[in-house]
$ cat final-v3.cif   # mmCIF, C-alpha atoms
data_structure
#
loop_
_atom_site.label_atom_id
_atom_site.label_comp_id
_atom_site.auth_asym_id
_atom_site.auth_seq_id
_atom_site.Cartn_x
_atom_site.Cartn_y
_atom_site.Cartn_z
CA MET A 1 -54.72 -64.31 53.05
CA ALA A 2 -52.96 -63.70 56.39
CA PHE A 3 -49.24 -62.99 56.54
CA LEU A 4 -47.06 -63.89 59.48
CA GLU A 5 -45.74 -60.82 61.23
CA VAL A 6 -42.02 -60.31 61.57
CA LYS A 7 -40.85 -59.54 65.05
CA GLN A 8 -39.22 -56.16 65.23
CA LYS A 9 -36.79 -57.29 67.92
CA LEU A 10 -35.38 -60.09 65.77
CA LEU A 11 -35.40 -57.82 62.72
CA ARG A 12 -33.32 -55.24 64.55
CA GLU A 13 -30.81 -57.85 65.66
CA ILE A 14 -30.28 -59.13 62.13
CA GLU A 15 -29.94 -55.59 60.79
CA ASP A 16 -27.36 -54.91 63.47
CA LEU A 17 -25.31 -57.74 61.97
CA GLY A 18 -25.15 -55.80 58.70
CA PHE A 19 -27.91 -57.40 56.62
CA PRO A 20 -30.29 -55.30 54.50
CA ARG A 21 -33.84 -55.01 55.81
CA ALA A 22 -35.38 -56.77 52.80
CA ARG A 23 -33.21 -59.85 53.37
CA ALA A 24 -33.77 -59.80 57.12
CA VAL A 25 -37.56 -59.59 56.73
CA ARG A 26 -37.60 -62.39 54.15
CA ALA A 27 -35.41 -64.62 56.36
CA LEU A 28 -37.53 -64.11 59.49
CA HIS A 29 -40.74 -64.62 57.56
CA SER A 30 -39.42 -67.83 55.98
CA THR A 31 -38.18 -69.28 59.31
CA GLY A 32 -41.28 -68.34 61.26
CA ASN A 33 -39.55 -65.86 63.60
CA VAL A 34 -37.87 -68.75 65.39
CA SER A 35 -34.56 -67.07 66.11
CA THR A 36 -31.88 -64.82 64.77
CA GLU A 37 -29.59 -67.79 64.19
CA ALA A 38 -32.22 -69.63 62.16
CA ALA A 39 -32.74 -66.53 60.02
CA ILE A 40 -28.99 -66.20 59.37
CA ASN A 41 -28.75 -69.87 58.41
CA TRP A 42 -31.64 -69.35 55.99
CA LEU A 43 -29.85 -66.35 54.46
CA ILE A 44 -26.73 -68.46 53.91
CA ASP A 45 -28.75 -71.19 52.18
CA HIS A 46 -30.76 -68.78 50.02
CA GLU A 47 -28.27 -66.03 49.19
CA ASN A 48 -28.51 -66.76 45.46
CA ASP A 49 -32.30 -66.59 45.28
CA PRO A 50 -33.31 -64.13 42.54
CA ASP A 51 -35.79 -62.37 44.84
CA ILE A 52 -33.55 -62.25 47.90
CA ASP A 53 -33.42 -58.43 47.86
CA GLN A 54 -37.13 -57.89 47.23
CA MET A 55 -39.16 -56.74 50.22
CA PRO A 56 -41.92 -59.31 50.92
CA LEU A 57 -45.46 -58.25 51.79
CA VAL A 58 -45.04 -58.98 55.49
CA ALA A 59 -46.19 -56.93 58.44
CA ILE A 60 -43.61 -55.94 61.03
CA GLU A 61 -44.67 -56.32 64.64
CA ILE A 62 -44.56 -53.12 66.67
CA ASP A 63 -42.69 -53.90 69.85
CA ILE A 64 -43.90 -51.55 72.59
CA GLU A 65 -42.41 -53.57 75.42
CA SER A 66 -38.85 -53.37 76.58
CA PRO A 67 -36.86 -55.79 74.50
CA GLU A 68 -35.47 -58.79 76.27
CA PRO A 69 -31.71 -58.93 76.29
CA PHE A 70 -30.32 -60.97 73.45
CA HIS A 71 -26.79 -62.20 73.18
CA ILE A 72 -25.29 -62.57 69.72
CA THR A 73 -22.96 -65.53 69.80
CA GLU A 74 -19.57 -65.64 68.15
CA GLU A 75 -20.86 -68.32 65.80
CA MET A 76 -23.63 -66.01 64.62
CA LYS A 77 -21.13 -63.21 64.08
CA ARG A 78 -18.84 -65.54 62.13
CA LYS A 79 -21.65 -66.77 59.90
CA ALA A 80 -22.87 -63.23 59.32
CA LYS A 81 -19.37 -62.08 58.39
CA GLU A 82 -18.86 -65.03 56.05
CA LEU A 83 -22.15 -64.29 54.37
CA ARG A 84 -21.34 -60.61 53.95
CA ASP A 85 -17.89 -61.47 52.59
CA GLN A 86 -19.38 -63.95 50.18
CA ILE A 87 -21.93 -61.42 48.98
CA ARG A 88 -19.18 -58.83 48.50
CA LYS A 89 -17.00 -61.28 46.56
CA GLU A 90 -19.92 -62.23 44.34
CA LYS A 91 -20.54 -58.59 43.57
CA GLU A 92 -16.85 -57.99 42.82
CA LYS A 93 -16.79 -61.05 40.59
CA GLU A 94 -19.84 -59.82 38.72
CA GLU A 95 -18.32 -56.35 38.34
CA LYS A 96 -15.11 -57.81 36.91
CA LYS A 97 -17.12 -59.92 34.51
CA LEU A 98 -19.08 -56.88 33.36
CA GLU A 99 -15.86 -54.86 32.98
CA ARG A 100 -14.28 -57.58 30.84
CA GLN A 101 -17.38 -57.65 28.67
CA ARG A 102 -17.34 -53.87 28.33
CA GLU A 103 -13.67 -54.00 27.34
CA LYS A 104 -14.43 -56.65 24.72
CA ASP A 105 -17.24 -54.49 23.39
CA ARG A 106 -14.91 -51.47 23.20
CA ILE A 107 -12.26 -53.47 21.34
CA ARG A 108 -14.84 -54.87 18.93
CA SER A 109 -16.29 -51.40 18.32
CA GLY A 110 -12.79 -50.03 17.72
CA LYS A 111 -12.01 -52.75 15.19
CA GLU A 112 -15.32 -52.19 13.43
CA LEU A 113 -14.64 -48.45 13.30
CA GLN A 114 -11.15 -48.99 11.88
CA GLU A 115 -12.50 -51.40 9.29
CA ALA A 116 -15.21 -48.95 8.28
CA LYS A 117 -12.61 -46.18 8.01
CA ARG A 118 -10.31 -48.38 5.93
CA THR A 119 -13.18 -49.32 3.62
CA ALA A 120 -14.16 -45.67 3.20
CA GLU A 121 -10.56 -44.66 2.44
CA GLU A 122 -10.21 -47.47 -0.08
CA ALA A 123 -13.43 -46.42 -1.79
CA GLU A 124 -12.22 -42.81 -1.87
CA ARG A 125 -8.89 -43.86 -3.41
CA LYS A 126 -10.72 -45.88 -6.04
CA ARG A 127 -12.97 -42.93 -6.89
CA TYR A 128 -9.91 -40.68 -7.15
CA ILE A 129 -8.10 -43.11 -9.46
CA ASP A 130 -11.19 -43.54 -11.63
CA SER A 131 -11.59 -39.76 -11.79
CA ARG A 132 -7.95 -39.27 -12.82
CA GLN A 133 -8.25 -41.92 -15.50
CA ALA A 134 -11.43 -40.33 -16.81
CA ASP A 135 -9.72 -36.91 -16.88
CA LYS A 136 -6.77 -38.32 -18.80
CA GLN A 137 -9.04 -40.00 -21.33
CA GLU A 138 -11.00 -36.80 -21.77
CA GLU A 139 -7.81 -34.78 -22.25
CA LYS A 140 -6.54 -37.31 -24.76
CA ARG A 141 -9.75 -37.21 -26.80
CA ALA A 142 -9.82 -33.41 -26.75
CA ARG A 143 -6.16 -33.22 -27.78
CA GLU A 144 -6.61 -35.64 -30.66
CA LYS A 145 -9.70 -33.81 -31.82
CA VAL A 146 -7.92 -30.44 -31.86
CA LEU A 147 -4.85 -31.86 -33.60
CA GLN A 148 -7.02 -33.56 -36.18
CA LYS A 149 -8.78 -30.27 -36.82
CA LEU A 150 -5.44 -28.46 -37.17
CA GLN A 151 -4.19 -31.10 -39.59
CA GLN A 152 -7.34 -30.88 -41.67
CA ASP A 153 -7.05 -27.09 -41.78
CA LYS A 154 -3.44 -27.41 -42.90
CA ILE A 155 -4.40 -29.84 -45.65
CA GLU A 156 -7.22 -27.58 -46.75
CA ARG A 157 -4.94 -24.56 -46.97
CA ARG A 158 -2.39 -26.47 -49.00
CA ARG A 159 -5.08 -27.80 -51.30
CA ASN A 160 -6.44 -24.33 -51.88
CA SER A 161 -2.98 -23.05 -52.75
CA GLY A 162 -2.43 -25.90 -55.23
CA MET A 163 0.65 -27.18 -53.34
CA LEU A 164 -0.77 -30.55 -52.25
CA SER A 165 -0.72 -33.62 -54.46
CA GLU A 166 -3.08 -36.52 -53.96
CA ARG A 167 -0.27 -38.71 -52.64
CA SER A 168 0.97 -36.20 -50.07
CA GLU A 169 -2.61 -35.52 -49.00
CA SER A 170 -3.11 -39.22 -48.29
CA LEU A 171 0.11 -39.41 -46.29
CA ASP A 172 -0.71 -36.30 -44.26
CA THR A 173 -4.17 -37.59 -43.45
CA LYS A 174 -2.77 -40.85 -42.05
CA SER A 175 -0.04 -39.19 -39.92
CA ASN A 176 -0.43 -39.09 -36.16
CA ALA A 177 -1.17 -35.47 -35.31
CA THR A 178 -0.54 -35.98 -31.61
CA GLU A 179 3.25 -35.93 -32.12
CA ALA A 180 3.23 -32.14 -32.50
CA GLY A 181 1.60 -31.61 -29.14
CA LYS A 182 3.99 -34.03 -27.45
CA LYS A 183 7.01 -32.29 -28.95
CA ASP A 184 5.80 -28.90 -27.71
CA GLU A 185 5.29 -30.30 -24.24
CA LEU A 186 8.71 -31.96 -24.13
CA ARG A 187 10.34 -28.81 -25.49
CA SER A 188 8.74 -26.84 -22.67
CA GLN A 189 10.03 -29.33 -20.11
CA ASN A 190 13.58 -29.29 -21.49
CA SER A 191 13.68 -25.48 -21.51
CA LEU A 192 13.14 -25.20 -17.76
CA PRO A 193 16.10 -23.73 -15.85
CA ALA A 194 17.95 -25.76 -13.23
CA THR A 195 15.90 -25.78 -10.03
CA SER A 196 14.30 -28.31 -7.73
CA VAL A 197 12.70 -30.98 -9.89
CA SER A 198 10.10 -31.75 -7.26
CA LYS A 199 9.16 -28.07 -7.02
CA ALA A 200 8.79 -27.82 -10.80
CA VAL A 201 6.60 -30.92 -10.80
CA SER A 202 4.49 -29.46 -8.00
CA MET A 203 4.13 -26.17 -9.90
CA ARG A 204 3.01 -28.04 -13.01
CA GLU A 205 0.49 -30.03 -10.98
CA CYS A 206 -0.95 -26.80 -9.52
CA LEU A 207 -1.48 -25.39 -13.01
CA ARG A 208 -2.99 -28.65 -14.22
CA SER A 209 -5.28 -28.74 -11.20
CA LEU A 210 -6.40 -25.17 -11.89
CA ARG A 211 -7.23 -26.06 -15.50
CA ARG A 212 -8.91 -29.33 -14.52
CA HIS A 213 -11.22 -27.68 -11.99
CA GLN A 214 -12.15 -24.90 -14.44
CA LYS A 215 -12.35 -27.05 -17.57
CA ASP A 216 -15.69 -25.51 -18.55
CA ASP A 217 -14.37 -21.93 -18.37
CA SER A 218 -11.24 -21.58 -20.48
CA ASP A 219 -11.34 -17.77 -20.23
CA LYS A 220 -11.05 -17.93 -16.45
CA VAL A 221 -8.11 -20.33 -16.78
CA ARG A 222 -6.28 -18.03 -19.21
CA THR A 223 -6.93 -15.03 -16.96
CA ALA A 224 -5.55 -16.92 -13.96
CA TYR A 225 -2.42 -17.94 -15.88
CA ARG A 226 -1.83 -14.38 -17.09
CA THR A 227 -2.31 -12.96 -13.60
CA LEU A 228 0.12 -15.45 -12.08
CA PHE A 229 2.60 -14.71 -14.85
CA ILE A 230 2.44 -10.97 -14.07
CA TYR A 231 3.04 -11.60 -10.35
CA VAL A 232 6.04 -13.83 -11.09
CA ARG A 233 7.50 -11.55 -13.77
CA ASN A 234 7.22 -8.43 -11.60
CA VAL A 235 9.08 -10.05 -8.70
CA ALA A 236 11.74 -11.52 -11.00
CA LYS A 237 12.40 -8.12 -12.60
CA ASN A 238 12.06 -6.03 -9.44
CA PRO A 239 13.02 -8.21 -6.46
CA ASP A 240 13.75 -5.14 -4.30
CA GLU A 241 10.29 -3.64 -4.79
CA GLU A 242 8.16 -4.70 -1.83
CA LYS A 243 4.91 -3.82 -3.60
CA PHE A 244 5.54 -6.65 -6.07
CA ARG A 245 6.29 -9.09 -3.25
CA LYS A 246 3.09 -8.38 -1.31
CA ILE A 247 -0.43 -9.48 -2.30
CA ARG A 248 -3.53 -8.65 -0.27
CA LEU A 249 -5.59 -11.83 0.06
CA SER A 250 -8.87 -9.92 0.38
CA ASN A 251 -8.33 -8.04 -2.88
CA PRO A 252 -11.49 -8.74 -4.95
CA LEU A 253 -9.61 -8.98 -8.25
CA PHE A 254 -7.04 -11.34 -6.77
CA GLN A 255 -9.78 -13.52 -5.31
CA GLU A 256 -11.69 -13.59 -8.59
CA ARG A 257 -8.69 -14.35 -10.80
CA VAL A 258 -6.47 -16.50 -8.57
CA GLY A 259 -7.38 -16.78 -4.89
CA SER A 260 -10.68 -18.59 -5.34
CA LEU A 261 -9.30 -21.11 -7.85
CA LYS A 262 -7.92 -24.50 -6.89
CA GLY A 263 -4.12 -24.43 -7.18
CA GLY A 264 -3.73 -20.64 -7.50
CA ILE A 265 -2.43 -19.74 -4.04
CA GLU A 266 -0.54 -23.04 -3.84
CA PHE A 267 1.37 -22.08 -7.01
CA LEU A 268 2.41 -18.73 -5.49
CA GLU A 269 3.53 -20.49 -2.31
CA LEU A 270 5.77 -22.73 -4.41
CA CYS A 271 7.25 -19.54 -5.85
CA GLY A 272 8.21 -18.50 -2.32
CA PHE A 273 5.20 -16.48 -1.15
CA GLU A 274 4.16 -17.05 2.46
CA ARG A 275 0.83 -16.52 4.18
CA GLY A 276 0.96 -13.82 6.84
CA GLY A 277 -2.28 -12.39 8.17
CA GLU A 278 -4.08 -10.59 5.35
CA PHE A 279 -1.24 -10.91 2.85
CA LEU A 280 0.79 -13.28 0.75
CA TYR A 281 4.34 -12.03 1.24
CA LEU A 282 7.64 -12.99 -0.36
CA PRO A 283 10.57 -11.94 1.88
CA ARG A 284 13.45 -10.35 0.01
CA ASP A 285 15.98 -12.84 1.34
CA LYS A 286 13.82 -15.74 0.11
CA VAL A 287 13.49 -14.59 -3.49
CA ASP A 288 14.61 -17.57 -5.59
CA ARG A 289 15.21 -16.39 -9.12
CA GLY A 290 15.56 -19.94 -10.39
CA ALA A 291 12.15 -20.87 -9.02
CA LEU A 292 10.62 -17.69 -10.47
CA VAL A 293 12.09 -18.37 -13.92
CA THR A 294 10.82 -21.94 -13.75
CA ALA A 295 7.37 -20.69 -12.79
CA GLY A 296 7.41 -18.18 -15.65
CA SER A 297 8.41 -20.85 -18.17
CA LEU A 298 5.64 -23.16 -17.00
CA LEU A 299 3.06 -20.38 -17.14
CA GLU A 300 4.20 -19.36 -20.62
CA SER A 301 3.88 -22.95 -21.78
CA ALA A 302 0.46 -23.23 -20.15
CA MET A 303 -0.75 -20.10 -21.95
CA THR A 304 0.59 -21.00 -25.38
CA ASN A 305 0.41 -24.79 -25.53
CA PRO A 306 -3.16 -26.21 -25.61
CA PHE A 307 -1.77 -29.60 -24.54
CA PHE A 308 0.07 -28.35 -21.48
CA GLY A 309 0.18 -31.01 -18.77
CA ALA A 310 -1.29 -33.70 -20.98
CA ILE A 311 1.88 -35.84 -20.97
#

$ encode --input "final-v3.cif" --output "C-alpha cells"
Amino acid sequence: MAFLEVKQKLLREIEDLGFPRARAVRALHSTGNVSTEAAINWLIDHENDPDIDQMPLVAIEIDIESPEPFHITEEMKRKAKELRDQIRKEKEKEEKKLERQREKDRIRSGKELQEAKRTAEEAERKRYIDSRQADKQEEKRAREKVLQKLQQDKIERRRNSGMLSERSESLDTKSNATEAGKKDELRSQNSLPATSVSKAVSMRECLRSLRRHQKDDSDKVRTAYRTLFIYVRNVAKNPDEEKFRKIRLSNPLFQERVGSLKGGIEFLELCGFERGGEFLYLPRDKVDRGALVTAGSLLESAMTNPFFGAI
C-alpha cells in the first residue's frame, strides 16, 4: 500500500507556527499537501481525535531545491494561536480535573484511615475492659476461696478444742467470710496519712499492676514489695543521706526485683524519685515525708493483706 508523501516545505511551515510534528504530518497527509492553511483548518476540526498526537506512517519528502517563498497570513497566525490556546486550556482543564480527583481520593483515604484507627482503638478499649473485668472476677474468686479456707480452718480448730457447738458451727459456716478482707482493706485506706489523694490512688494502682502482671509468681511480688519498702523506709528515716536517695538503674538486683517489673519504677517516681541518666534520684529539697509515709503504709498493707487492692 502506497502512502502519500508529506512535503517537507509545508511541514516546516506548520512547525514554525508551533504545532508538534506528529500533528503537522497527520494534517498534511489528511489534506493531501494542499496548503498550510488547509492543514491548519484540519487541525482545528480534528483537535479532539484520540490519535491526533500519534505519528502516522507517512514518508516525508526530501526537499533538495530552494524553497519557494511562502507568506504566512495573519488569518493563519490567528487560527494557529487560537488552536494552541485551545489545546493549552484543554490541558489545564484536564489537569484541574485530575487534581480535584486526587484531592477527593486523599480525603477519602484520610477518612478511611481515621475510621480504621477509631475501630482499632474501640476494639482495644473493649479488650482492656474485658481484661479488667476478668481480673476482678478472678481476684474475687481467689479471695472467697482463701476466706472460705480460713473460716473452715477456724471452725476445725474450735471443734478440736471442744469450744464449738453444733448451732454456732452452722452459723459460722453460713457467714460471709469476705467481710474480714474488706475490713482489712478499708482499715488500711483509713490509716493513710494526709497527702494527695490522687497520688495515693496512683501508688495503689502501681502496686496492683505489679501484682497483676506477676500473678503466677507470688514470691517475686513479695520480694518487689519488700525492696520498695526498704527504699522508702531508708529515705524517710535518713533524708539527708544521699546514698539512700540514689538508685543505679543498671544494678542487676534492682532490675531483677523492681526495675523489670511493671509498676516498680513508676511507684518510686510517685515517691519523688526522678530519672537522671543512669540513676533514679530523689533531690533533698523534694523529699515529701507525707508521700513516703503513704507509700510505706500501702506497701505494708500489700505485704500483709492478701486482699490488697481487691476493693

$ atom_distance --input "final-v3.cif" --atom1 "CA of Leu210 (chain A)" --atom2 "CA of Lys262 (chain A)"
5.3 Å

$ residues_around --input "final-v3.cif" --residues "Glu47 (chain A)" --least-positions-apart "5" --cutoff "12 Å" --atoms "all atoms listed in the file" --output "NGL selection string"
:A and (19 or 23-24 or 26-27 or 39-42 or 52-53 or 80 or 82-88 or 90)

$ write_last_selection --input "final-v3.cif" --atoms "C-alpha atoms" --output "compact mmCIF listing (two decimals), keeping the file's coordinate frame"
# COMPACT_ATOMS: atom_id res chain seq x y z
CA PHE A 19 -27.91 -57.40 56.62
CA ARG A 23 -33.21 -59.85 53.37
CA ALA A 24 -33.77 -59.80 57.12
CA ARG A 26 -37.60 -62.39 54.15
CA ALA A 27 -35.41 -64.62 56.36
CA ALA A 39 -32.74 -66.53 60.02
CA ILE A 40 -28.99 -66.20 59.37
CA ASN A 41 -28.75 -69.87 58.41
CA TRP A 42 -31.64 -69.35 55.99
CA ILE A 52 -33.55 -62.25 47.90
CA ASP A 53 -33.42 -58.43 47.86
CA ALA A 80 -22.87 -63.23 59.32
CA GLU A 82 -18.86 -65.03 56.05
CA LEU A 83 -22.15 -64.29 54.37
CA ARG A 84 -21.34 -60.61 53.95
CA ASP A 85 -17.89 -61.47 52.59
CA GLN A 86 -19.38 -63.95 50.18
CA ILE A 87 -21.93 -61.42 48.98
CA ARG A 88 -19.18 -58.83 48.50
CA GLU A 90 -19.92 -62.23 44.34

$ closest_residue --input "final-v3.cif" --among "A:Leu207, A:Ala224, A:Ile230, A:Ala236" --to "Leu298 (chain A)" --atoms "all atoms listed in the file"
A:Leu207

$ atom_distance --input "final-v3.cif" --atom1 "CA of Thr227 (chain A)" --atom2 "CA of Ser198 (chain A)"
23.4 Å

$ resolve_selection --input "final-v3.cif" --expression "the PyMOL selection byres ((chain A and resi 221) around 10)" --output "list in words"
Leu207, Leu210, Arg211, Arg212, His213, Gln214, Lys215, Asp216, Asp217, Ser218, Asp219, Lys220, Arg222, Thr223, Ala224, Tyr225, Arg226, Thr227, Arg257, Val258, Leu261, Ala302 and Met303 of chain A

$ closest_residue --input "final-v3.cif" --among "A:Asp16, A:Glu274, A:Glu139, A:Glu92" --to "Arg208 (chain A)" --atoms "all atoms listed in the file"
A:Glu139

$ residues_around --input "final-v3.cif" --residues "Thr36 (chain A)" --least-positions-apart "3" --cutoff "12 Å" --atoms "only C-alpha atoms" --output "PyMOL selection string"
chain A and resi 6-17+19+24-25+27-33+39-43+70-73+75-77+79-80

$ atom_distance --input "final-v3.cif" --atom1 "CA of Leu249 (chain A)" --atom2 "CA of Glu278 (chain A)"
5.6 Å

$ resolve_selection --input "final-v3.cif" --expression "the PyMOL selection byres ((chain A and resi 290) around 12)" --output "number ranges by chain"
A: 192-197, 199-200, 232, 235-236, 270-272, 286-289, 291-297

$ residues_around --input "final-v3.cif" --residues "Phe244 (chain A)" --least-positions-apart "4" --cutoff "8 Å" --atoms "only C-alpha atoms" --output "ChimeraX atom specification"
/A:231,234-235,238-239

$ write_last_selection --input "final-v3.cif" --atoms "C-alpha atoms" --output "PDB file, in the coordinates of the input"
ATOM      1  CA  TYR A 231       3.040 -11.600 -10.350  1.00  0.00           C
ATOM      2  CA  ASN A 234       7.220  -8.430 -11.600  1.00  0.00           C
ATOM      3  CA  VAL A 235       9.080 -10.050  -8.700  1.00  0.00           C
ATOM      4  CA  ASN A 238      12.060  -6.030  -9.440  1.00  0.00           C
ATOM      5  CA  PRO A 239      13.020  -8.210  -6.460  1.00  0.00           C
TER       6      PRO A 239
END

$ resolve_selection --input "final-v3.cif" --expression "the PyMOL selection byres ((chain A and resi 135) around 12)" --output "ChimeraX atom specification"
/A:128-134,136-142,208-209,211-213,215,309-310

$ residues_near_point --input "final-v3.cif" --point "(-0.5, -23.4, -9.1)" --cutoff "6 Å" --atoms "all atoms listed in the file" --output "PyMOL selection string"
chain A and resi 203+206-207+263-264+266-267

$ residues_near_point --input "final-v3.cif" --point "(0.3, -14.1, 1.5)" --cutoff "7 Å" --atoms "all atoms listed in the file" --output "PyMOL selection string"
chain A and resi 246-249+273-276+278-281

$ write_last_selection --input "final-v3.cif" --atoms "C-alpha atoms" --output "JSON list (two decimals), keeping the file's coordinate frame"
[["chain", "number", "residue", "atom", "x", "y", "z"],
["A", 246, "LYS", "CA", 3.09, -8.38, -1.31],
["A", 247, "ILE", "CA", -0.43, -9.48, -2.30],
["A", 248, "ARG", "CA", -3.53, -8.65, -0.27],
["A", 249, "LEU", "CA", -5.59, -11.83, 0.06],
["A", 273, "PHE", "CA", 5.20, -16.48, -1.15],
["A", 274, "GLU", "CA", 4.16, -17.05, 2.46],
["A", 275, "ARG", "CA", 0.83, -16.52, 4.18],
["A", 276, "GLY", "CA", 0.96, -13.82, 6.84],
["A", 278, "GLU", "CA", -4.08, -10.59, 5.35],
["A", 279, "PHE", "CA", -1.24, -10.91, 2.85],
["A", 280, "LEU", "CA", 0.79, -13.28, 0.75],
["A", 281, "TYR", "CA", 4.34, -12.03, 1.24]]
